[in-house]
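One file, input17.txt, carrying compact mmCIF, C-alpha atoms and all ligand atoms:
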# COMPACT_ATOMS: atom_id res chain seq x y z
CA MET A 10 -15.23 11.79 -21.52
CA GLU A 11 -13.08 9.07 -20.02
CA SER A 12 -10.77 9.97 -17.13
CA ASN A 13 -8.05 7.37 -16.91
CA GLY A 14 -7.89 6.03 -13.37
CA LEU A 15 -10.33 8.84 -12.38
CA GLU A 16 -7.30 11.15 -12.16
CA GLY A 17 -8.35 14.67 -11.20
CA VAL A 18 -11.99 13.69 -10.64
CA VAL A 19 -13.57 14.97 -7.40
CA ALA A 20 -15.94 12.18 -6.33
CA ALA A 21 -16.83 13.27 -2.77
CA THR A 22 -16.67 16.18 -0.38
CA THR A 23 -15.10 15.38 2.98
CA ARG A 24 -14.14 16.96 6.29
CA LEU A 25 -11.80 14.09 7.13
CA SER A 26 -8.49 14.85 5.43
CA HIS A 27 -7.04 17.19 2.86
CA VAL A 28 -4.17 16.14 0.62
CA ASP A 29 -2.28 18.96 -1.12
CA GLY A 30 0.01 17.26 -3.60
CA GLU A 31 1.80 20.42 -4.74
CA ARG A 32 2.57 21.83 -1.29
CA GLY A 33 3.21 18.40 0.25
CA GLU A 34 0.64 19.09 2.96
CA LEU A 35 -1.74 16.74 4.75
CA ILE A 36 -4.47 18.07 7.05
CA MET A 37 -6.27 15.63 9.34
CA ALA A 38 -9.75 16.98 10.13
CA GLY A 39 -8.27 20.45 10.61
CA TYR A 40 -4.91 19.49 12.18
CA PRO A 41 -1.65 19.49 10.20
CA LEU A 42 -0.28 15.94 10.18
CA ASP A 43 3.07 16.81 11.71
CA ASP A 44 1.39 18.63 14.60
CA ILE A 45 -0.84 15.74 15.61
CA ALA A 46 0.62 12.40 14.46
CA GLU A 47 3.52 12.29 16.90
CA ARG A 48 1.48 13.50 19.90
CA ALA A 49 -2.05 12.05 19.81
CA THR A 50 -3.00 8.54 20.83
CA PHE A 51 -4.68 6.35 18.21
CA GLU A 52 -7.90 6.50 20.22
CA GLU A 53 -7.84 10.33 20.05
CA MET A 54 -7.14 10.20 16.32
CA THR A 55 -10.01 7.76 15.72
CA TRP A 56 -12.36 9.92 17.76
CA LEU A 57 -11.24 12.95 15.71
CA MET A 58 -12.10 11.11 12.51
CA TRP A 59 -15.50 9.97 13.74
CA HIS A 60 -16.61 13.08 15.65
CA GLY A 61 -14.86 16.01 13.93
CA ASP A 62 -12.60 17.08 16.81
CA VAL A 63 -10.35 15.58 19.47
CA PRO A 64 -12.12 14.19 22.58
CA THR A 65 -12.32 15.66 26.06
CA VAL A 66 -10.78 13.69 28.94
CA ALA A 67 -14.13 12.12 29.82
CA GLU A 68 -14.97 11.29 26.21
CA LEU A 69 -11.57 9.68 25.70
CA GLU A 70 -11.86 7.62 28.86
CA GLY A 71 -15.20 6.17 27.78
CA PHE A 72 -13.99 5.56 24.23
CA ARG A 73 -10.80 3.79 25.33
CA ALA A 74 -12.81 1.57 27.66
CA SER A 75 -15.32 0.65 24.92
CA LEU A 76 -12.56 -0.24 22.49
CA ALA A 77 -10.62 -2.23 25.08
CA ALA A 78 -13.74 -4.19 26.05
CA ALA A 79 -14.45 -5.22 22.45
CA ARG A 80 -11.19 -6.92 21.46
CA GLU A 81 -12.20 -10.56 21.66
CA ILE A 82 -12.93 -12.23 18.31
CA PRO A 83 -15.53 -14.97 17.71
CA ASP A 84 -14.51 -18.65 17.99
CA ALA A 85 -15.41 -19.00 14.32
CA ALA A 86 -12.73 -16.43 13.48
CA VAL A 87 -10.08 -18.34 15.44
CA SER A 88 -10.89 -21.65 13.76
CA LEU A 89 -10.95 -19.97 10.35
CA LEU A 90 -7.54 -18.39 11.04
CA ARG A 91 -6.18 -21.80 12.13
CA ASP A 92 -7.24 -23.16 8.76
CA CYS A 93 -5.62 -20.17 7.00
CA ALA A 94 -2.39 -20.82 8.96
CA ARG A 95 -2.39 -24.50 8.00
CA ARG A 96 -2.54 -23.40 4.37
CA ASN A 97 -0.01 -20.61 5.01
CA LEU A 98 -2.27 -18.05 3.34
CA ASP A 99 -1.28 -14.43 2.81
CA ALA A 100 -1.90 -12.40 5.98
CA MET A 101 -4.15 -9.92 4.13
CA ASP A 102 -6.37 -12.75 2.85
CA ALA A 103 -6.63 -14.12 6.39
CA LEU A 104 -7.46 -10.66 7.72
CA ARG A 105 -10.13 -10.11 5.06
CA MET A 106 -11.78 -13.43 5.86
CA GLY A 107 -11.44 -12.80 9.61
CA VAL A 108 -13.20 -9.44 9.33
CA ASP A 109 -16.07 -11.16 7.52
CA THR A 110 -16.76 -13.20 10.68
CA LEU A 111 -17.39 -9.99 12.63
CA SER A 112 -20.93 -10.03 11.23
CA LEU A 113 -21.41 -12.84 13.79
CA VAL A 114 -20.69 -10.60 16.78
CA ALA A 115 -20.39 -6.89 16.13
CA GLY A 116 -20.72 -5.01 12.89
CA ASP A 117 -20.53 -1.59 14.57
CA GLU A 118 -17.61 0.83 14.25
CA ILE A 119 -16.06 0.17 17.69
CA GLY A 120 -16.53 -3.59 17.30
CA ILE A 121 -14.60 -3.59 14.01
CA VAL A 122 -11.73 -1.23 14.96
CA ALA A 123 -11.19 -3.06 18.27
CA ARG A 124 -11.05 -6.49 16.66
CA VAL A 125 -8.95 -5.91 13.53
CA PRO A 126 -5.69 -6.02 15.59
CA THR A 127 -6.82 -9.20 17.35
CA ILE A 128 -7.39 -10.88 13.98
CA VAL A 129 -3.97 -9.73 12.72
CA ALA A 130 -2.15 -10.86 15.87
CA THR A 131 -4.05 -14.15 16.12
CA TYR A 132 -3.10 -15.05 12.59
CA ALA A 133 0.54 -14.01 13.06
CA ARG A 134 0.84 -16.16 16.18
CA LEU A 135 -0.97 -19.18 14.72
CA ARG A 136 1.32 -19.03 11.71
CA HIS A 137 4.28 -19.38 14.06
CA GLY A 138 2.67 -22.35 15.81
CA LEU A 139 1.76 -20.25 18.87
CA GLU A 140 -1.60 -20.04 20.60
CA PRO A 141 -3.90 -17.04 19.97
CA PRO A 142 -3.10 -14.01 22.15
CA ALA A 143 -5.26 -12.75 24.95
CA ALA A 144 -5.78 -8.99 24.68
CA ARG A 145 -4.83 -6.74 27.63
CA PRO A 146 -7.73 -4.41 28.42
CA ASP A 147 -5.47 -2.24 30.59
CA LEU A 148 -3.31 -1.32 27.55
CA GLY A 149 -4.12 1.33 24.96
CA HIS A 150 -4.89 0.31 21.37
CA ALA A 151 -1.33 0.61 19.98
CA ALA A 152 0.34 -0.93 23.06
CA ASN A 153 -2.08 -3.83 22.94
CA VAL A 154 -1.25 -4.47 19.26
CA LEU A 155 2.44 -4.87 20.15
CA TYR A 156 1.56 -6.92 23.23
CA MET A 157 -0.62 -9.34 21.28
CA LEU A 158 2.07 -9.80 18.62
CA SER A 159 5.02 -10.33 20.96
CA GLY A 160 3.46 -11.46 24.26
CA GLU A 161 5.48 -8.75 26.03
CA ILE A 162 4.44 -5.37 27.40
CA PRO A 163 6.10 -2.93 24.98
CA ASP A 164 8.19 0.01 26.19
CA PRO A 165 6.74 3.52 25.64
CA GLU A 166 9.12 4.36 22.75
CA ARG A 167 7.91 1.40 20.70
CA VAL A 168 4.30 2.25 21.49
CA ARG A 169 4.96 5.85 20.40
CA GLY A 170 6.55 4.59 17.18
CA LEU A 171 3.55 2.41 16.29
CA GLU A 172 1.05 5.04 17.37
CA THR A 173 2.76 7.65 15.17
CA TYR A 174 2.50 5.23 12.27
CA LEU A 175 -1.17 4.37 12.84
CA ASN A 176 -2.05 8.07 13.21
CA THR A 177 -0.16 8.93 10.04
CA VAL A 178 -1.98 6.42 7.86
CA ILE A 179 -5.44 6.70 9.43
CA ASP A 180 -6.82 8.64 6.48
CA HIS A 181 -5.68 10.03 3.16
CA GLY A 182 -8.35 11.56 0.96
CA LEU A 183 -10.07 9.38 -1.57
CA ASN A 184 -7.41 6.70 -1.98
CA ALA A 185 -8.42 3.42 -3.65
CA SER A 186 -9.44 1.51 -0.50
CA THR A 187 -11.35 4.46 0.99
CA PHE A 188 -13.15 4.99 -2.30
CA THR A 189 -14.06 1.29 -2.27
CA ALA A 190 -15.50 1.65 1.25
CA ARG A 191 -17.55 4.69 0.19
CA VAL A 192 -18.87 2.97 -2.95
CA ILE A 193 -20.01 -0.04 -0.92
CA THR A 194 -21.59 2.18 1.75
CA SER A 195 -23.34 4.26 -0.89
CA THR A 196 -25.46 1.26 -1.88
CA GLY A 197 -26.88 1.15 1.67
CA SER A 198 -24.64 -1.79 2.61
CA ASP A 199 -23.13 -2.38 6.08
CA LEU A 200 -19.78 -1.46 7.68
CA VAL A 201 -18.35 -5.00 7.69
CA SER A 202 -18.93 -5.23 3.94
CA ALA A 203 -17.32 -1.81 3.40
CA VAL A 204 -14.23 -2.82 5.41
CA VAL A 205 -13.92 -6.21 3.71
CA GLY A 206 -14.02 -4.51 0.29
CA ALA A 207 -11.51 -1.89 1.39
CA LEU A 208 -9.13 -4.60 2.61
CA GLY A 209 -9.25 -6.19 -0.83
CA ALA A 210 -8.27 -2.87 -2.41
CA LEU A 211 -5.54 -2.15 0.14
CA LYS A 212 -3.80 -5.46 -0.48
CA GLY A 213 -2.63 -4.61 -4.01
CA PRO A 214 1.04 -3.69 -4.54
CA LEU A 215 0.15 -0.34 -6.09
CA HIS A 216 -1.61 0.68 -2.87
CA GLY A 217 -0.92 -0.85 0.57
CA GLY A 218 1.13 -3.80 -0.59
CA ALA A 219 4.25 -1.75 -1.39
CA PRO A 220 6.22 -1.60 1.91
CA GLY A 221 7.26 -5.27 1.94
CA PRO A 222 8.78 -5.07 -1.56
CA ALA A 223 10.30 -1.65 -0.65
CA LEU A 224 12.18 -3.21 2.25
CA ASP A 225 13.17 -6.22 0.13
CA MET A 226 14.68 -3.74 -2.33
CA VAL A 227 16.77 -2.08 0.42
CA PHE A 228 17.96 -5.51 1.65
CA GLU A 229 18.76 -6.58 -1.92
CA ILE A 230 20.93 -3.48 -2.34
CA ALA A 231 22.59 -4.26 1.03
CA ASP A 232 25.37 -1.71 0.53
CA ALA A 233 24.96 1.94 -0.52
CA SER A 234 27.67 1.52 -3.16
CA ARG A 235 25.41 -0.97 -5.01
CA ALA A 236 22.30 1.25 -4.97
CA GLU A 237 22.81 2.83 -8.38
CA GLU A 238 23.58 -0.47 -10.13
CA VAL A 239 20.60 -2.36 -8.63
CA LEU A 240 18.10 0.48 -9.13
CA ARG A 241 19.27 1.09 -12.69
CA ARG A 242 18.80 -2.60 -13.46
CA LYS A 243 15.23 -2.48 -12.15
CA LEU A 244 14.37 0.67 -14.09
CA GLU A 245 15.98 -0.71 -17.28
CA ALA A 246 13.79 -3.82 -16.88
CA GLY A 247 10.70 -1.55 -16.64
CA ASP A 248 10.09 -2.38 -12.96
CA ARG A 249 8.56 0.15 -10.59
CA LEU A 250 10.55 1.20 -7.57
CA MET A 251 8.31 0.39 -4.62
CA GLY A 252 7.84 3.24 -2.17
CA PHE A 253 8.15 5.93 -4.86
CA GLY A 254 5.60 7.85 -6.91
CA HIS A 255 2.11 8.97 -6.00
CA ARG A 256 -1.06 9.94 -7.84
CA ILE A 257 -1.48 13.14 -5.81
CA TYR A 258 1.92 14.07 -4.37
CA LYS A 259 4.28 15.64 -6.87
CA VAL A 260 6.59 16.65 -4.04
CA ARG A 261 7.76 14.55 -1.12
CA ASP A 262 4.89 12.83 0.72
CA PRO A 263 4.65 14.62 4.11
CA ARG A 264 3.94 11.27 5.76
CA ALA A 265 7.41 10.09 4.71
CA ASP A 266 8.98 12.82 6.88
CA VAL A 267 6.91 11.96 9.95
CA LEU A 268 7.70 8.27 9.59
CA ALA A 269 11.39 8.89 8.80
CA ARG A 270 11.70 10.85 12.07
CA ALA A 271 9.96 8.08 14.02
CA ALA A 272 12.20 5.44 12.39
CA GLU A 273 15.32 7.49 13.10
CA ARG A 274 14.37 7.69 16.80
CA LEU A 275 13.88 3.92 16.99
CA PHE A 276 17.13 3.05 15.23
CA THR A 277 19.08 5.61 17.26
CA ARG A 278 17.73 4.11 20.47
CA ALA A 279 18.60 0.60 19.28
CA GLY A 280 22.16 1.84 18.66
CA ASP A 281 22.38 0.58 15.09
CA MET A 282 21.85 3.14 12.35
CA SER A 283 23.17 1.01 9.48
CA LEU A 284 19.80 0.12 7.92
CA TYR A 285 18.50 3.66 8.34
CA THR A 286 21.61 5.15 6.72
CA LEU A 287 21.41 2.63 3.88
CA ALA A 288 17.73 3.45 3.29
CA ARG A 289 18.52 7.18 3.13
CA ALA A 290 21.20 6.50 0.53
CA VAL A 291 18.85 4.26 -1.49
CA GLU A 292 16.15 6.94 -1.36
CA ALA A 293 18.49 9.66 -2.65
CA GLN A 294 19.70 7.44 -5.48
CA ALA A 295 16.17 6.33 -6.38
CA ILE A 296 14.88 9.91 -6.65
CA ARG A 297 17.85 10.86 -8.83
CA LEU A 298 17.37 7.88 -11.16
CA LEU A 299 13.59 8.28 -11.35
CA GLU A 300 14.13 11.82 -12.63
CA GLU A 301 16.62 10.46 -15.17
CA TYR A 302 14.38 7.60 -16.40
CA LYS A 303 11.02 9.35 -16.01
CA PRO A 304 11.86 13.02 -16.54
CA GLY A 305 9.10 15.44 -15.58
CA ARG A 306 6.97 12.80 -13.81
CA ARG A 307 8.09 14.21 -10.45
CA LEU A 308 8.32 10.82 -8.74
CA GLN A 309 9.15 11.23 -5.06
CA THR A 310 9.30 9.08 -1.93
CA ASN A 311 5.86 7.99 -0.74
CA VAL A 312 4.62 6.83 2.66
CA GLU A 313 5.45 3.18 2.03
CA PHE A 314 9.22 3.55 1.91
CA TYR A 315 9.49 4.74 5.51
CA THR A 316 6.60 2.55 6.62
CA ALA A 317 8.83 -0.38 5.79
CA LEU A 318 11.72 1.01 7.78
CA LEU A 319 9.65 2.01 10.80
CA LEU A 320 7.70 -1.24 11.04
CA HIS A 321 10.90 -3.23 10.61
CA GLY A 322 12.46 -1.13 13.40
CA LEU A 323 9.47 -2.05 15.57
CA GLY A 324 10.34 -5.70 15.03
CA LEU A 325 7.40 -6.54 12.77
CA GLU A 326 7.95 -9.13 10.07
CA THR A 327 7.33 -8.08 6.46
CA SER A 328 4.10 -10.08 6.13
CA LEU A 329 2.61 -7.86 8.85
CA PHE A 330 3.28 -4.54 7.12
CA THR A 331 0.06 -4.29 5.09
CA PRO A 332 -2.14 -5.74 7.89
CA THR A 333 -0.66 -3.09 10.23
CA PHE A 334 -1.53 -0.44 7.66
CA ALA A 335 -5.10 -1.80 7.85
CA ILE A 336 -5.11 -1.53 11.67
CA GLY A 337 -4.64 2.22 11.22
CA ARG A 338 -6.67 2.83 8.07
CA VAL A 339 -9.78 0.94 9.25
CA SER A 340 -10.75 3.93 11.43
CA GLY A 341 -10.52 6.16 8.35
CA TRP A 342 -12.57 3.78 6.20
CA ILE A 343 -15.29 3.77 8.83
CA ALA A 344 -15.16 7.57 9.15
CA HIS A 345 -15.70 7.83 5.39
CA ALA A 346 -18.51 5.29 5.50
CA LEU A 347 -20.26 7.29 8.23
CA GLU A 348 -19.72 10.52 6.29
CA GLN A 349 -21.08 8.91 3.12
CA ARG A 350 -24.17 7.72 5.00
CA ARG A 351 -24.90 11.20 6.34
CA ALA A 352 -25.35 12.65 2.85
CA ASN A 353 -25.73 9.60 0.70
CA ARG A 354 -26.32 9.31 -2.99
CA ILE A 355 -25.35 6.04 -4.65
CA ILE A 356 -21.91 6.32 -6.33
CA ARG A 357 -22.57 5.23 -9.85
CA PRO A 358 -20.29 6.64 -12.56
CA GLN A 359 -20.61 5.83 -16.23
CA SER A 360 -18.44 3.92 -18.64
CA GLU A 361 -17.88 4.78 -22.25
CA TYR A 362 -18.66 1.81 -24.51
CA VAL A 363 -15.94 1.27 -27.11
CA GLY A 364 -16.95 -2.18 -28.41
CA PRO A 365 -18.75 -3.08 -31.65
CA ARG A 366 -22.50 -2.59 -32.10
CA TYR A 367 -25.31 -4.42 -33.93
CA LYS A 368 -23.49 -7.73 -34.52
CA LYS A 369 -25.73 -10.48 -35.81
CA PHE A 370 -26.22 -13.46 -33.46
CA VAL A 371 -25.21 -16.77 -35.09
CA PRO A 372 -26.77 -19.92 -33.55
CA LEU A 373 -24.20 -22.33 -31.99
CA PRO A 374 -24.30 -25.13 -34.64
CA GLU A 375 -23.65 -22.58 -37.40
CA ARG A 376 -20.58 -20.99 -35.83
CA GLY A 377 -17.92 -23.35 -37.24
CA GLN A 378 -14.27 -23.32 -36.09
CA ARG A 379 -12.11 -20.35 -35.18
CA ASP A 380 -8.61 -20.52 -36.63
CA VAL A 381 -7.06 -18.16 -34.14
CA VAL A 382 -8.13 -18.32 -30.52
CA GLU A 383 -9.31 -14.82 -29.68
CA ILE A 384 -9.31 -14.01 -26.01
CA GLY A 385 -11.15 -10.74 -26.51
CA LEU A 386 -12.35 -9.43 -23.15
CA ARG A 387 -9.80 -11.49 -21.26
CA ASN A 388 -7.00 -9.44 -22.83
N1 LIG B 1 8.92 3.48 -10.32
C1 LIG B 1 9.17 3.66 -11.65
N2 LIG B 1 8.34 4.34 -12.48
C2 LIG B 1 7.23 4.84 -11.95
C3 LIG B 1 6.90 4.68 -10.58
C4 LIG B 1 7.81 3.98 -9.76
N3 LIG B 1 7.58 3.79 -8.47
N4 LIG B 1 5.71 5.29 -10.34
C5 LIG B 1 5.30 5.80 -11.50
N5 LIG B 1 6.20 5.54 -12.47
C6 LIG B 1 6.14 5.94 -13.87
C7 LIG B 1 5.15 5.13 -14.66
O1 LIG B 1 5.77 3.98 -15.22
C8 LIG B 1 4.71 6.13 -15.70
O2 LIG B 1 5.69 6.21 -16.68
P1 LIG B 1 5.27 6.45 -18.22
O3 LIG B 1 4.52 7.74 -18.22
O4 LIG B 1 6.58 6.46 -18.93
O5 LIG B 1 4.38 5.28 -18.59
C9 LIG B 1 4.72 7.46 -14.94
O6 LIG B 1 5.66 7.29 -13.89
C10 LIG B 1 3.38 7.85 -14.34
O7 LIG B 1 2.90 6.74 -13.57
P2 LIG B 1 1.38 6.36 -13.43
O8 LIG B 1 1.28 4.87 -13.30
O9 LIG B 1 0.55 7.04 -14.46
O10 LIG B 1 1.06 7.04 -12.03
P3 LIG B 1 -0.19 6.74 -11.16
O11 LIG B 1 -0.61 8.02 -10.55
O12 LIG B 1 -1.22 5.99 -11.93
O13 LIG B 1 0.40 5.73 -10.07
C11 LIG B 1 1.38 4.80 -8.14
C12 LIG B 1 0.71 6.05 -8.76
C13 LIG B 1 0.46 3.59 -8.36
C14 LIG B 1 1.55 5.00 -6.64
C15 LIG B 1 2.75 4.58 -8.83
O14 LIG B 1 3.59 5.69 -8.60
C16 LIG B 1 3.45 3.30 -8.37
O15 LIG B 1 3.17 2.23 -8.92
N6 LIG B 1 4.37 3.38 -7.35
C17 LIG B 1 5.04 2.21 -6.84
C18 LIG B 1 4.11 1.44 -5.88
C19 LIG B 1 3.94 2.18 -4.56
O16 LIG B 1 4.90 2.68 -3.96
N7 LIG B 1 2.67 2.22 -4.08
C20 LIG B 1 2.31 2.86 -2.80
C21 LIG B 1 1.60 4.16 -3.05
S1 LIG B 1 1.22 4.98 -1.54
C22 LIG B 1 -0.18 4.24 -1.01
O17 LIG B 1 -1.01 3.81 -1.73
C23 LIG B 1 -0.39 4.09 0.47

Write out the structure in this file as structure tokens.
Ligand code: ACO
Amino acid sequence: MESNGLEGVVAATTRLSHVDGERGELIMAGYPLDDIAERATFEEMTWLMWHGDVPTVAELEGFRASLAAAREIPDAAVSLLRDCARRNLDAMDALRMGVDTLSLVAGDEIGIVARVPTIVATYARLRHGLEPPAARPDLGHAANVLYMLSGEIPDPERVRGLETYLNTVIDHGLNASTFTARVITSTGSDLVSAVVGALGALKGPLHGGAPGPALDMVFEIADASRAEEVLRRKLEAGDRLMGFGHRIYKVRDPRADVLARAAERLFTRAGDMSLYTLARAVEAQAIRLLEEYKPGRRLQTNVEFYTALLLHGLGLETSLFTPTFAIGRVSGWIAHALEQRRANRIIRPQSEYVGPRYKKFVPLPERGQRDVVEIGLRN
């Protein structure tokens, strides 16, 4: 029997994260999200995903050093990214192609996680006509991301803000990109291939591509008094409100709360709460109108709405939102790939054929003209 979009289908067992869509709860390898996301470093979180528990002091020291030592990307990646910048390609396409070049130097888990931020920052800088950044081995993973993007040592509050974000999005059950990574791994393929495939899935606006449009929507509204009118217009036109709705969560996404708190701290510190207050008003209006237009669908705020606000508060441009998501999620993809390998069976579902059967083949010269152009499978 067909399951549309595989809704409700359990396709893997995992110890990595548990998503409870009715209780609005997210457990990260045993730890409730809101207990760990705001306190752990990204290195600790990655270790947790790969090893099943948080590291000891000695383990963390060695892990941080290995990651910091592996940040440099191959020359081929830099010249490829220069070409992407000349063509002004989408940052996710540049990242996907950049990750492909890692087969030249290091296809292992540390080699990939360490270099994804360098690829993202190199492309961002080249696009602005700047030279590629040099990584700072003395900085932690999150601090180094901000350093490579801005060229300045970030203050601890900004590092905490980014680290909270990366920890929050590191893993989330069998979402589309993680499933992609597991499918690729299940064939016996390598980690670089799994990550490249996952990046392709993450890019789409129904998955990781939503925060840019979510922020655009808040800017378009510009004033809380216009929220109802603008949102109504979008819903009347059949548009989806970006940053709302989720396949699993039927209550508020717990990640939204963690990120809203982090964003609030950043905006409070910056002394300008106007965008934050506007976003809160837009959110309230959107939830109200979604219930009016889609009664019973239980459409609530998802992680992407506050991702947009937090990353904007960190000074990141919109084109960097989805690549920054990837900087966090890549550790989760790899954790799933390793888990898949440990108890592998190729993931190979079935399809239900609904086309015609036993048509008679007509040789080309006898086929004549078609009056109406049928596009059949391309529909
Ligand atoms: N705005 C308006 N209507 C919506 C929205 C939305 N954001 N989300 C769902 N709906 C409507 C659908 O149109 C559908 O209505 P219908 O039954 O009248 O046809 C109904 O709610 C159910 O939607 P589905 O598409 O069946 O829900 P699904 O579980 O397949 O989709 C998804 C989940 C893709 C996240 C969807 O809610 C969506 O498109 N949201 C906007 C994009 C977004 O924010 N994506 C980020 C998700 S979080 C992440 O991936 C990291």

Discussion item. Can you pull out the residues contacting segment 241-247 of chain A? Cut-off 10 Å, using only C-alpha atoms, and skip same-chain residues under 4 positions away; I want them as a list of chain:residue names.
Written reply: A:Met226, A:Ala236, A:Glu237, A:Gln294, A:Ala295, A:Leu298, A:Leu299, A:Tyr302, A:Lys303

Saved selection, atoms kept: C-alpha atoms, as a short mmCIF file (atom, residue, chain, number, x, y, z; two decimals), keeping the file's coordinate frame:
data_model
loop_
_atom_site.label_atom_id
_atom_site.label_comp_id
_atom_site.auth_asym_id
_atom_site.auth_seq_id
_atom_site.Cartn_x
_atom_site.Cartn_y
_atom_site.Cartn_z
CA MET A 226 14.68 -3.74 -2.33
CA ALA A 236 22.30 1.25 -4.97
CA GLU A 237 22.81 2.83 -8.38
CA GLN A 294 19.70 7.44 -5.48
CA ALA A 295 16.17 6.33 -6.38
CA LEU A 298 17.37 7.88 -11.16
CA LEU A 299 13.59 8.28 -11.35
CA TYR A 302 14.38 7.60 -16.40
CA LYS A 303 11.02 9.35 -16.01
#

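Between atom CA of Ala265 of chain A and atom CA of Val312 of chain A lies a distance of 4.8 Å.
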
Give me, as JSON lines, each residue of chain A that comes within 8 Å of ligand LIG 1 (chain B), together with its shortest interatomic pair and the distance in Å at one decimal, counting only C-alpha atoms and all ligand atoms, with rows ordered by chain and rising residue number.
{"residue": "A:Gly14", "atom": "CA", "partner": "B:LIG1", "partner_atom": "O12", "distance": 6.8}
{"residue": "A:Glu16", "atom": "CA", "partner": "B:LIG1", "partner_atom": "O11", "distance": 7.6}
{"residue": "A:Val178", "atom": "CA", "partner": "B:LIG1", "partner_atom": "C23", "distance": 7.9}
{"residue": "A:Asn184", "atom": "CA", "partner": "B:LIG1", "partner_atom": "O17", "distance": 7.0}
{"residue": "A:Ala185", "atom": "CA", "partner": "B:LIG1", "partner_atom": "O17", "distance": 7.7}
{"residue": "A:Leu211", "atom": "CA", "partner": "B:LIG1", "partner_atom": "O17", "distance": 7.7}
{"residue": "A:Pro214", "atom": "CA", "partner": "B:LIG1", "partner_atom": "C18", "distance": 6.1}
{"residue": "A:Leu215", "atom": "CA", "partner": "B:LIG1", "partner_atom": "N7", "distance": 4.1}
{"residue": "A:His216", "atom": "CA", "partner": "B:LIG1", "partner_atom": "O17", "distance": 3.4}
{"residue": "A:Gly217", "atom": "CA", "partner": "B:LIG1", "partner_atom": "C23", "distance": 5.0}
{"residue": "A:Gly218", "atom": "CA", "partner": "B:LIG1", "partner_atom": "C20", "distance": 7.1}
{"residue": "A:Ala219", "atom": "CA", "partner": "B:LIG1", "partner_atom": "N7", "distance": 5.0}
{"residue": "A:Pro220", "atom": "CA", "partner": "B:LIG1", "partner_atom": "O16", "distance": 7.4}
{"residue": "A:Ala223", "atom": "CA", "partner": "B:LIG1", "partner_atom": "O16", "distance": 7.7}
{"residue": "A:Leu244", "atom": "CA", "partner": "B:LIG1", "partner_atom": "C1", "distance": 6.5}
{"residue": "A:Gly247", "atom": "CA", "partner": "B:LIG1", "partner_atom": "C1", "distance": 7.4}
{"residue": "A:Asp248", "atom": "CA", "partner": "B:LIG1", "partner_atom": "C1", "distance": 6.2}
{"residue": "A:Arg249", "atom": "CA", "partner": "B:LIG1", "partner_atom": "N1", "distance": 3.4}
{"residue": "A:Leu250", "atom": "CA", "partner": "B:LIG1", "partner_atom": "N1", "distance": 3.9}
{"residue": "A:Met251", "atom": "CA", "partner": "B:LIG1", "partner_atom": "O16", "distance": 4.2}
{"residue": "A:Gly252", "atom": "CA", "partner": "B:LIG1", "partner_atom": "O16", "distance": 3.5}
{"residue": "A:Phe253", "atom": "CA", "partner": "B:LIG1", "partner_atom": "N3", "distance": 4.2}
{"residue": "A:Gly254", "atom": "CA", "partner": "B:LIG1", "partner_atom": "O14", "distance": 3.4}
{"residue": "A:His255", "atom": "CA", "partner": "B:LIG1", "partner_atom": "C14", "distance": 4.1}
{"residue": "A:Arg256", "atom": "CA", "partner": "B:LIG1", "partner_atom": "O11", "distance": 3.4}
{"residue": "A:Ile257", "atom": "CA", "partner": "B:LIG1", "partner_atom": "O11", "distance": 7.0}
{"residue": "A:Leu299", "atom": "CA", "partner": "B:LIG1", "partner_atom": "C1", "distance": 6.4}
{"residue": "A:Tyr302", "atom": "CA", "partner": "B:LIG1", "partner_atom": "N2", "distance": 7.9}
{"residue": "A:Lys303", "atom": "CA", "partner": "B:LIG1", "partner_atom": "O4", "distance": 6.0}
{"residue": "A:Arg306", "atom": "CA", "partner": "B:LIG1", "partner_atom": "O6", "distance": 5.7}
{"residue": "A:Leu308", "atom": "CA", "partner": "B:LIG1", "partner_atom": "N4", "distance": 6.3}
{"residue": "A:Asn311", "atom": "CA", "partner": "B:LIG1", "partner_atom": "S1", "distance": 5.6}
{"residue": "A:Val312", "atom": "CA", "partner": "B:LIG1", "partner_atom": "S1", "distance": 5.7}
{"residue": "A:Glu313", "atom": "CA", "partner": "B:LIG1", "partner_atom": "C20", "distance": 5.8}
{"residue": "A:Phe314", "atom": "CA", "partner": "B:LIG1", "partner_atom": "O16", "distance": 7.3}

Find the residues around segment 190-196 of chain A up to 7 Å (only C-alpha atoms counted), leave out those fewer than 5 positions away in its own chain, and share them as a PDB file with C-alpha atoms, in the coordinates of the input.
ATOM      1  CA  ALA A 203     -17.320  -1.810   3.400  1.00  0.00           C
ATOM      2  CA  VAL A 204     -14.230  -2.820   5.410  1.00  0.00           C
ATOM      3  CA  GLY A 206     -14.020  -4.510   0.290  1.00  0.00           C
ATOM      4  CA  ALA A 207     -11.510  -1.890   1.390  1.00  0.00           C
ATOM      5  CA  TRP A 342     -12.570   3.780   6.200  1.00  0.00           C
ATOM      6  CA  HIS A 345     -15.700   7.830   5.390  1.00  0.00           C
ATOM      7  CA  ALA A 346     -18.510   5.290   5.500  1.00  0.00           C
ATOM      8  CA  GLN A 349     -21.080   8.910   3.120  1.00  0.00           C
ATOM      9  CA  ARG A 350     -24.170   7.720   5.000  1.00  0.00           C
ATOM     10  CA  ASN A 353     -25.730   9.600   0.700  1.00  0.00           C
ATOM     11  CA  ARG A 354     -26.320   9.310  -2.990  1.00  0.00           C
ATOM     12  CA  ILE A 355     -25.350   6.040  -4.650  1.00  0.00           C
ATOM     13  CA  ILE A 356     -21.910   6.320  -6.330  1.00  0.00           C
TER      14      ILE A 356
END

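When all atoms listed in the file are used to measure the gap to Leu287 of chain A, the shortest distance among A:Ala231, A:Ala78, A:Ala344, A:Leu35 belongs to A:Ala231.
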